[in-house]
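**Student:** Okay, so here is structure_22.txt, and as you'll see once you scroll down, it has compact mmCIF, C-alpha atoms.
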# COMPACT_ATOMS: atom_id res chain seq x y z
CA LEU G 51 105.48 58.99 76.02
CA GLY G 52 107.28 55.68 76.36
CA LYS G 53 104.29 53.84 74.94
CA ASP G 54 104.02 56.29 72.04
CA LEU G 55 107.72 55.80 71.27
CA GLY G 56 107.60 52.03 71.72
CA ALA G 57 110.30 52.38 74.37
CA ASN G 58 110.71 51.50 78.03
CA PRO G 59 111.53 54.68 79.94
CA GLU G 60 114.39 54.71 82.40
CA PHE G 61 113.67 57.09 85.26
CA VAL G 62 116.50 59.29 86.55
CA ASP G 63 116.39 61.07 89.90
CA SER G 64 116.89 64.77 89.41
CA SER G 65 115.75 68.03 90.98
CA VAL G 66 115.04 71.63 90.12
CA ALA G 67 118.59 72.54 91.14
CA LYS G 68 120.15 69.86 88.88
CA LEU G 69 117.72 70.13 85.97
CA ILE G 70 119.90 72.10 83.55
CA ASP G 71 123.03 70.04 84.25
CA ASP G 72 121.21 66.70 84.02
CA LEU G 73 119.71 67.56 80.63
CA SER G 74 122.78 69.33 79.23
CA THR G 75 125.16 66.50 80.12
CA ASP G 76 122.85 63.86 78.61
CA ARG G 77 122.15 62.26 81.99
CA CYS G 78 118.53 62.22 80.87
CA ASP G 79 116.68 63.04 77.65
CA ILE G 80 113.67 64.88 79.01
CA ALA G 81 112.37 66.34 82.26
CA MET G 82 108.68 65.58 82.75
CA PHE G 83 108.09 66.68 86.33
CA GLY G 84 106.25 69.93 85.71
CA GLY G 85 109.19 72.22 85.09
CA GLY G 86 108.39 75.90 85.02
CA MET G 87 109.37 77.81 81.90
CA THR G 88 111.46 80.50 83.56
CA PRO G 89 113.59 82.94 81.53
CA ALA G 90 116.79 81.52 83.07
CA ARG G 91 115.84 77.98 82.08
CA GLN G 92 114.74 79.05 78.61
CA GLU G 93 118.24 80.43 77.99
CA LYS G 94 119.75 76.97 78.64
CA LEU G 95 117.00 74.48 77.73
CA ARG G 96 114.35 73.87 75.11
CA PHE G 97 110.72 73.36 76.12
CA SER G 98 107.69 71.62 74.70
CA PRO G 99 104.47 73.57 74.30
CA PRO G 100 103.14 74.34 77.80
CA TYR G 101 100.41 72.14 79.25
CA LEU G 102 99.79 73.68 82.71
CA ALA G 103 99.90 77.24 84.08
CA SER G 104 100.10 77.94 87.80
CA ASP G 105 100.14 81.03 89.93
CA ILE G 106 102.04 81.16 93.23
CA TYR G 107 100.23 80.08 96.42
CA ALA G 108 101.08 80.20 100.11
CA ILE G 109 100.71 77.46 102.70
CA ALA G 110 100.26 78.38 106.37
CA THR G 111 99.19 76.48 109.46
CA LYS G 112 95.51 76.57 110.30
CA THR G 113 96.46 78.14 113.63
CA ASN G 114 98.66 80.97 112.31
CA ARG G 115 97.31 84.26 113.66
CA ARG G 116 99.61 86.63 111.79
CA VAL G 117 98.73 85.55 108.24
CA LYS G 118 95.00 85.20 107.71
CA GLY G 119 94.93 86.17 104.03
CA TRP G 120 97.20 87.05 101.12
CA ASP G 121 97.53 90.72 102.12
CA ASP G 122 99.01 89.66 105.49
CA ILE G 123 101.98 87.88 103.89
CA ASP G 124 104.15 90.89 103.02
CA THR G 125 103.94 92.62 106.38
CA PHE G 126 106.54 93.51 108.99
CA GLY G 127 107.28 90.51 111.22
CA SER G 128 106.03 87.94 108.72
CA VAL G 129 108.50 85.20 107.65
CA VAL G 130 108.14 83.72 104.14
CA ALA G 131 109.96 80.45 103.41
CA VAL G 132 111.09 79.34 99.93
CA ALA G 133 113.35 76.60 98.59
CA ARG G 134 116.73 77.74 97.26
CA GLY G 135 117.06 77.78 93.48
CA THR G 136 113.33 77.74 92.78
CA LEU G 137 111.22 80.21 90.88
CA HIS G 138 109.67 81.18 94.22
CA GLU G 139 113.03 82.38 95.54
CA ALA G 140 113.53 84.77 92.63
CA VAL G 141 109.93 86.03 92.58
CA MET G 142 109.68 86.61 96.32
CA LYS G 143 113.05 88.41 96.41
CA GLU G 144 111.59 90.83 93.89
CA LYS G 145 108.07 91.18 95.33
CA LEU G 146 108.51 91.24 99.11
CA SER G 147 109.13 94.63 100.68
CA SER G 148 108.28 94.14 104.38
CA ALA G 149 108.34 90.42 105.21
CA GLN G 150 111.52 88.47 105.94
CA LEU G 151 112.48 85.98 103.22
CA LEU G 152 113.82 82.68 104.56
CA ILE G 153 115.70 80.73 101.85
CA LEU G 154 116.10 77.04 102.66
CA ASP G 155 118.16 74.33 101.01
CA THR G 156 115.40 71.75 100.56
CA PRO G 157 111.68 71.92 99.82
CA PHE G 158 110.94 69.88 102.95
CA ALA G 159 112.73 72.41 105.15
CA ARG G 160 110.23 75.13 104.25
CA GLU G 161 107.31 72.91 105.32
CA GLN G 162 109.09 72.09 108.60
CA GLU G 163 109.74 75.77 109.31
CA VAL G 164 106.06 76.62 108.82
CA GLN G 165 104.80 73.67 110.87
CA ALA G 166 107.25 74.53 113.68
CA GLY G 167 106.10 78.17 113.66
CA ARG G 168 109.49 79.62 112.65
CA ALA G 169 108.00 80.76 109.32
CA ASP G 170 104.48 82.00 108.67
CA VAL G 171 104.07 80.66 105.13
CA PHE G 172 105.92 78.83 102.42
CA MET G 173 105.42 79.64 98.76
CA THR G 174 104.61 76.98 96.22
CA ASP G 175 102.63 76.26 93.06
CA TYR G 176 99.17 74.81 92.58
CA PRO G 177 100.19 71.17 91.88
CA TYR G 178 102.42 70.90 94.95
CA SER G 179 99.88 72.70 97.15
CA GLN G 180 97.19 70.17 96.26
CA ARG G 181 99.43 67.16 96.98
CA PHE G 182 100.65 68.74 100.20
CA LEU G 183 97.22 69.68 101.53
CA ALA G 184 95.90 66.17 100.85
CA GLY G 185 98.41 64.71 103.32
CA ASN G 186 98.77 67.44 105.96
CA ASP G 187 95.69 68.35 107.97
CA TRP G 188 97.53 71.13 109.82
CA ALA G 189 97.99 73.17 106.64
CA ARG G 190 95.78 75.65 104.79
CA LEU G 191 96.04 77.24 101.37
CA ILE G 192 96.21 80.99 100.83
CA ALA G 193 95.46 81.94 97.23
CA PRO G 194 96.26 85.34 95.75
CA PRO G 195 93.14 87.48 95.20
CA ALA G 196 94.31 88.30 91.67
CA THR G 197 97.03 87.07 89.33
CA TYR G 198 100.35 87.27 91.19
CA HIS G 199 102.96 85.49 89.04
CA VAL G 200 101.78 82.81 86.59
CA THR G 201 104.29 80.26 85.31
CA HIS G 202 103.74 77.90 82.39
CA TYR G 203 104.84 74.26 82.77
CA ALA G 204 106.29 72.19 79.97
CA TYR G 205 108.63 69.29 79.31
CA ALA G 206 112.29 70.35 79.21
CA MET G 207 115.06 69.07 76.94
CA ALA G 208 118.63 69.99 76.08
CA GLN G 209 119.04 72.43 73.24
CA GLY G 210 120.14 71.37 69.80
CA ASP G 211 118.21 68.22 68.88
CA ASP G 212 115.51 69.48 66.52
CA VAL G 213 114.18 65.98 65.71
CA TRP G 214 113.70 65.10 69.41
CA HIS G 215 112.08 68.46 70.13
CA ALA G 216 109.68 68.06 67.18
CA ARG G 217 108.70 64.58 68.43
CA ILE G 218 107.97 65.89 71.93
CA GLU G 219 106.04 68.82 70.49
CA ARG G 220 103.90 66.35 68.51
CA PHE G 221 103.38 64.24 71.65
CA VAL G 222 102.04 67.25 73.60
CA ILE G 223 99.73 68.19 70.73
CA ASP G 224 98.50 64.58 70.49
CA VAL G 225 97.75 64.19 74.22
CA LYS G 226 95.92 67.50 74.27
CA ARG G 227 93.84 66.55 71.24
CA ASP G 228 93.00 62.94 72.16
CA GLY G 229 92.09 63.64 75.81
CA ARG G 230 95.01 61.89 77.53
CA LEU G 231 96.26 65.16 79.01
CA LYS G 232 92.81 66.08 80.29
CA GLU G 233 92.39 62.63 81.84
CA ALA G 234 95.80 62.86 83.56
CA ALA G 235 94.95 66.34 84.85
CA LYS G 236 91.64 65.07 86.19
CA ARG G 237 93.30 62.07 87.87
CA HIS G 238 95.77 64.37 89.64
CA LYS G 239 93.23 67.14 90.39
CA LEU G 240 94.94 69.65 88.10
CA GLU G 241 92.06 70.53 85.77
CA ALA G 242 92.00 74.08 87.17
CA ILE G 243 95.42 74.86 85.69
CA LEU G 244 95.25 72.81 82.48
CA ILE G 245 96.12 74.55 79.20
CA PRO G 246 93.80 72.89 76.66
Starting from the file, lay out its structure as C-alpha cells.
**Tutor:**
Amino acid sequence: LGKDLGANPEFVDSSVAKLIDDLSTDRCDIAMFGGGMTPARQEKLRFSPPYLASDIYAIATKTNRRVKGWDDIDTFGSVVAVARGTLHEAVMKEKLSSAQLLILDTPFAREQEVQAGRADVFMTDYPYSQRFLAGNDWARLIAPPATYHVTHYAYAMAQGDDVWHARIERFVIDVKRDGRLKEAAKRHKLEAILIP
C-alpha cells in the first residue's frame, strides 16, 4: 500500500483490544493485521472489501486425551481458553453449553494454559493456527467438521473519510486483480482462506 501511495508507512503497535480507539483517535490511519469484520467493529469502523475468510479452529497438545476431535471440545470437564476481547470470546460464550470457558487477558496466556494442561484447547483462526503450529511441535490442530463460525477479514479504518476508504477499496481490488494478494497468501500459506 505504501508503494502504491508513494509513501513510507509508519508502523504503530496496536492490538485487537485497542483497534477501535487507535483508529478513531487518529493514532493510525489503517489496520492491516487481518482484522475480523465483526458486527461490533462494523458499528464503529469502516472496512475494505474482505480478502480472507476463516473459520474457528482449536489447538490442543498432541498428548491431550480428553479432546481427540471437535466433538470432544464442548463436553463436561473440558476447558476452552480464549483471549479476552476477541471474536472467539463472544462466539464461544454463545456456543459452549458443557465445557468451561477460560477467558484470559493475553493471547499468549491461552497457549500457556493449554501447554501446561490447565486448558484442553484454545480457540483461534486459520492464519494464527498455521503460524503457531509451525513453531510449536507439541501442538495439534483440530478443525471443525463443518462450518462453525466463518469471519471475513479486511482492512479497518475510522469512519467518515470517504476519499480514504475509496482509495483502500481500489487498492484491494487492484491486488486481487493483479495477483499480489494471491502471491502474499501463497507466501504466508493462506491460500486456503483467500477470497479471490
**Student:** Produce a table with one row for each residue of region 199-222 of chain G that has an atom at most 12 Å from any atom of region 165-186 of chain G, each row naming the nearest atom pair and its distance in Å at one decimal; use all atoms listed in the file; arrange rows by chain and rising residue number; format as CSV.
**Tutor:**
residue,atom,partner,partner_atom,distance
G:His199,CA,G:Asp175,CA,10.1
G:Val200,CA,G:Asp175,CA,9.2
G:Thr201,CA,G:Asp175,CA,8.9
G:His202,CA,G:Asp175,CA,10.9
G:Tyr203,CA,G:Pro177,CA,10.7
**Student:** Take the residues just selected and output them with C-alpha atoms as a compact mmCIF listing (two decimals), in the frame of the given file.
**Tutor:**
# COMPACT_ATOMS: atom_id res chain seq x y z
CA HIS G 199 102.96 85.49 89.04
CA VAL G 200 101.78 82.81 86.59
CA THR G 201 104.29 80.26 85.31
CA HIS G 202 103.74 77.90 82.39
CA TYR G 203 104.84 74.26 82.77
**Student:** Which residues are near Val132 (chain G)? Cut-off 12 Å, all atoms listed in the file, ignore same chain within fewer than 3 positions. Put them as number ranges by chain.
**Tutor:** G: 106-109, 129, 135-143, 150-164, 169-175
**Student:** Let me make sure I understand: among G:Arg96, G:Arg190, G:Arg227, G:Lys236, which one has the smallest atom-to-atom distance to His215 (chain G) if we use all atoms listed in the file?
**Tutor:**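 Checking each candidate against His215 (chain G), we get G:Arg96 as the closest.
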**Student:** Can you pull out the residues contacting region 112-127 of chain G? Cut-off 6 Å, using only C-alpha atoms, and skip same-chain residues under 3 positions away; I want them as JSON, numbers by chain.
**Tutor:** {"G": [146, 148, 149, 188, 189, 190, 194]}
**Student:** Keeping C-alpha atoms for every residue in the selection just given, could you write it to a file as a compact mmCIF listing (two decimals), in the coordinates of the input?
**Tutor:**
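Everything below was put into again38.txt:
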# COMPACT_ATOMS: atom_id res chain seq x y z
CA LEU G 146 108.51 91.24 99.11
CA SER G 148 108.28 94.14 104.38
CA ALA G 149 108.34 90.42 105.21
CA TRP G 188 97.53 71.13 109.82
CA ALA G 189 97.99 73.17 106.64
CA ARG G 190 95.78 75.65 104.79
CA PRO G 194 96.26 85.34 95.75
**Student:** Using only the atoms of region 197-206 of chain G listed in the file, plus 5 Å on each side, state the axis-aligned box centre and edge lengths in Å rounded to one decimal, as lines of an AutoDock Vina configuration file.
**Tutor:**
center_x = 104.7
center_y = 78.3
center_z = 85.2
size_x = 25.3
size_y = 28.0
size_z = 22.0
**Student:** What gap, in Å, lies between CA of Asp54 (chain G) and CA of Ala81 (chain G)?
**Tutor:**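 It comes out at 16.6 Å.
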**Student:** Would you mind telling me which residue in G:Ser104, G:Thr111, G:Ser98, G:Ser147 lies nearest to Ala216 (chain G) when using all atoms listed in the file?
**Tutor:**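 Between G:Ser104, G:Thr111, G:Ser98, G:Ser147, the residue approaching Ala216 (chain G) most closely is G:Ser98.
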**Student:** What is the CA of Gln92 (chain G)-CA of Leu240 (chain G) distance in Å, reported with one decimal?
**Tutor:**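 Calculated distance between CA of Gln92 (chain G) and CA of Leu240 (chain G) is 23.9 Å.
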**Student:** Export region 168-196 of chain G of the preceding structure, keeping N, CA, C and O atoms, as an mmCIF file, in the first residue's frame.
**Tutor:**
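Saved as decode38.cif:
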data_model
loop_
_atom_site.group_PDB
_atom_site.id
_atom_site.type_symbol
_atom_site.label_atom_id
_atom_site.label_comp_id
_atom_site.auth_asym_id
_atom_site.auth_seq_id
_atom_site.Cartn_x
_atom_site.Cartn_y
_atom_site.Cartn_z
ATOM 1 N N ARG G 168 -3.681 -26.974 31.865
ATOM 2 C CA ARG G 168 -4.779 -26.374 32.635
ATOM 3 C C ARG G 168 -5.997 -26.068 31.751
ATOM 4 O O ARG G 168 -7.085 -25.818 32.250
ATOM 5 N N ALA G 169 -5.792 -26.070 30.443
ATOM 6 C CA ALA G 169 -6.882 -25.953 29.471
ATOM 7 C C ALA G 169 -6.676 -27.042 28.431
ATOM 8 O O ALA G 169 -5.543 -27.453 28.164
ATOM 9 N N ASP G 170 -7.763 -27.502 27.855
ATOM 10 C CA ASP G 170 -7.668 -28.573 26.856
ATOM 11 C C ASP G 170 -7.373 -28.033 25.466
ATOM 12 O O ASP G 170 -6.627 -28.646 24.704
ATOM 13 N N VAL G 171 -7.991 -26.901 25.129
ATOM 14 C CA VAL G 171 -7.798 -26.294 23.808
ATOM 15 C C VAL G 171 -7.824 -24.786 23.948
ATOM 16 O O VAL G 171 -8.357 -24.246 24.920
ATOM 17 N N PHE G 172 -7.241 -24.110 22.956
ATOM 18 C CA PHE G 172 -7.527 -22.689 22.794
ATOM 19 C C PHE G 172 -8.070 -22.484 21.398
ATOM 20 O O PHE G 172 -7.748 -23.220 20.472
ATOM 21 N N MET G 173 -8.953 -21.497 21.266
ATOM 22 C CA MET G 173 -9.625 -21.241 20.005
ATOM 23 C C MET G 173 -8.894 -20.117 19.277
ATOM 24 O O MET G 173 -8.453 -19.141 19.880
ATOM 25 N N THR G 174 -8.812 -20.281 17.957
ATOM 26 C CA THR G 174 -8.090 -19.311 17.146
ATOM 27 C C THR G 174 -8.633 -19.344 15.723
ATOM 28 O O THR G 174 -9.607 -20.035 15.434
ATOM 29 N N ASP G 175 -7.973 -18.612 14.839
ATOM 30 C CA ASP G 175 -8.367 -18.617 13.435
ATOM 31 C C ASP G 175 -7.307 -19.356 12.620
ATOM 32 O O ASP G 175 -6.274 -19.775 13.134
ATOM 33 N N TYR G 176 -7.579 -19.507 11.345
ATOM 34 C CA TYR G 176 -6.668 -20.258 10.471
ATOM 35 C C TYR G 176 -5.286 -19.613 10.367
ATOM 36 O O TYR G 176 -4.277 -20.307 10.546
ATOM 37 N N PRO G 177 -5.176 -18.288 10.113
ATOM 38 C CA PRO G 177 -3.834 -17.712 9.980
ATOM 39 C C PRO G 177 -2.976 -17.913 11.227
ATOM 40 O O PRO G 177 -1.823 -18.337 11.133
ATOM 41 N N TYR G 178 -3.545 -17.649 12.409
ATOM 42 C CA TYR G 178 -2.745 -17.798 13.626
ATOM 43 C C TYR G 178 -2.407 -19.270 13.869
ATOM 44 O O TYR G 178 -1.299 -19.594 14.295
ATOM 45 N N SER G 179 -3.341 -20.157 13.581
ATOM 46 C CA SER G 179 -3.071 -21.582 13.810
ATOM 47 C C SER G 179 -1.887 -22.057 12.975
ATOM 48 O O SER G 179 -1.059 -22.825 13.456
ATOM 49 N N GLN G 180 -1.792 -21.582 11.750
ATOM 50 C CA GLN G 180 -0.700 -22.015 10.879
ATOM 51 C C GLN G 180 0.651 -21.499 11.372
ATOM 52 O O GLN G 180 1.639 -22.227 11.393
ATOM 53 N N ARG G 181 0.687 -20.222 11.781
ATOM 54 C CA ARG G 181 1.936 -19.665 12.336
ATOM 55 C C ARG G 181 2.311 -20.384 13.627
ATOM 56 O O ARG G 181 3.472 -20.699 13.861
ATOM 57 N N PHE G 182 1.319 -20.647 14.468
ATOM 58 C CA PHE G 182 1.582 -21.275 15.754
ATOM 59 C C PHE G 182 2.085 -22.709 15.586
ATOM 60 O O PHE G 182 3.062 -23.104 16.219
ATOM 61 N N LEU G 183 1.436 -23.479 14.747
ATOM 62 C CA LEU G 183 1.832 -24.869 14.553
ATOM 63 C C LEU G 183 3.237 -24.990 13.967
ATOM 64 O O LEU G 183 3.961 -25.932 14.282
ATOM 65 N N ALA G 184 3.621 -24.026 13.137
ATOM 66 C CA ALA G 184 4.952 -24.058 12.522
ATOM 67 C C ALA G 184 6.063 -23.943 13.555
ATOM 68 O O ALA G 184 7.170 -24.448 13.335
ATOM 69 N N GLY G 185 5.787 -23.337 14.704
ATOM 70 C CA GLY G 185 6.828 -23.134 15.701
ATOM 71 C C GLY G 185 6.638 -23.888 17.002
ATOM 72 O O GLY G 185 7.392 -23.685 17.953
ATOM 73 N N ASN G 186 5.641 -24.761 17.074
ATOM 74 C CA ASN G 186 5.349 -25.466 18.331
ATOM 75 C C ASN G 186 5.032 -26.919 18.049
ATOM 76 O O ASN G 186 3.883 -27.258 17.730
ATOM 77 N N ASP G 187 6.021 -27.779 18.201
ATOM 78 C CA ASP G 187 5.838 -29.185 17.840
ATOM 79 C C ASP G 187 4.974 -29.961 18.830
ATOM 80 O O ASP G 187 4.597 -31.092 18.576
ATOM 81 N N TRP G 188 4.622 -29.357 19.960
ATOM 82 C CA TRP G 188 3.752 -30.017 20.934
ATOM 83 C C TRP G 188 2.273 -29.879 20.585
ATOM 84 O O TRP G 188 1.427 -30.538 21.174
ATOM 85 N N ALA G 189 1.961 -28.995 19.634
ATOM 86 C CA ALA G 189 0.573 -28.629 19.360
ATOM 87 C C ALA G 189 0.003 -29.364 18.154
ATOM 88 O O ALA G 189 0.725 -29.741 17.235
ATOM 89 N N ARG G 190 -1.327 -29.534 18.168
ATOM 90 C CA ARG G 190 -2.031 -30.105 17.015
ATOM 91 C C ARG G 190 -3.305 -29.310 16.754
ATOM 92 O O ARG G 190 -3.916 -28.757 17.672
ATOM 93 N N LEU G 191 -3.690 -29.282 15.502
ATOM 94 C CA LEU G 191 -4.865 -28.545 15.061
ATOM 95 C C LEU G 191 -6.089 -29.440 15.100
ATOM 96 O O LEU G 191 -6.035 -30.602 14.700
ATOM 97 N N ILE G 192 -7.202 -28.868 15.556
ATOM 98 C CA ILE G 192 -8.491 -29.556 15.489
ATOM 99 C C ILE G 192 -9.413 -28.658 14.676
ATOM 100 O O ILE G 192 -9.748 -27.544 15.096
ATOM 101 N N ALA G 193 -9.790 -29.140 13.501
ATOM 102 C CA ALA G 193 -10.649 -28.371 12.600
ATOM 103 C C ALA G 193 -12.100 -28.796 12.786
ATOM 104 O O ALA G 193 -12.379 -29.973 13.044
ATOM 105 N N PRO G 194 -13.029 -27.863 12.643
ATOM 106 C CA PRO G 194 -14.446 -28.252 12.727
ATOM 107 C C PRO G 194 -14.811 -29.133 11.536
ATOM 108 O O PRO G 194 -14.301 -28.934 10.427
ATOM 109 N N PRO G 195 -15.689 -30.112 11.722
ATOM 110 C CA PRO G 195 -16.070 -30.999 10.625
ATOM 111 C C PRO G 195 -16.948 -30.315 9.576
ATOM 112 O O PRO G 195 -17.063 -30.791 8.453
ATOM 113 N N ALA G 196 -17.580 -29.219 9.966
ATOM 114 C CA ALA G 196 -18.410 -28.430 9.058
ATOM 115 C C ALA G 196 -18.237 -26.970 9.464
ATOM 116 O O ALA G 196 -17.602 -26.674 10.471
#
